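These notes are about the structure you will find just below.
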Amino acid sequence: QAHAWTLARLLQNTLWDTEDGRPVDDAQLEIARRLRGHGR
């Protein structure tokens, strides 16, 4: 469950960054990709 919570927080942070006009953080995207694959 910890990886699902972390994935949700990464999504929330990315949405906030995008809303504020900041570029998407490549490191956060990589973490999300790895976490998404973890649940399979």
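Ligands are numbered from 1 in the order shown, residues from 1 within each chain, and chains are lettered A, B, ... in the order they appear in the structure tokens.
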
- Message: as a ChimeraX atom specification, please: the residues near stretch 30-39 of chain A (cut-off 9 Å, only C-alpha atoms, same-chain neighbours under 6 positions excluded).
- Response: /A:3-4,6-8,10-11

- Query: What are the DSSP alpha helix (DSSP H) residues of chain A, as a VMD selection string?
  - Reply: chain A and resid 2 to 19 26 to 38

- Task: Could you tell me how far atom CA of A:Thr14 lies from atom CA of A:Gln28, in Å and to one decimal?
- Result: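 The value is 7.9 Å.
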
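Across the model, the gap from atom CA of A:Ala2 to atom CA of A:Pro23 is 25.8 Å.
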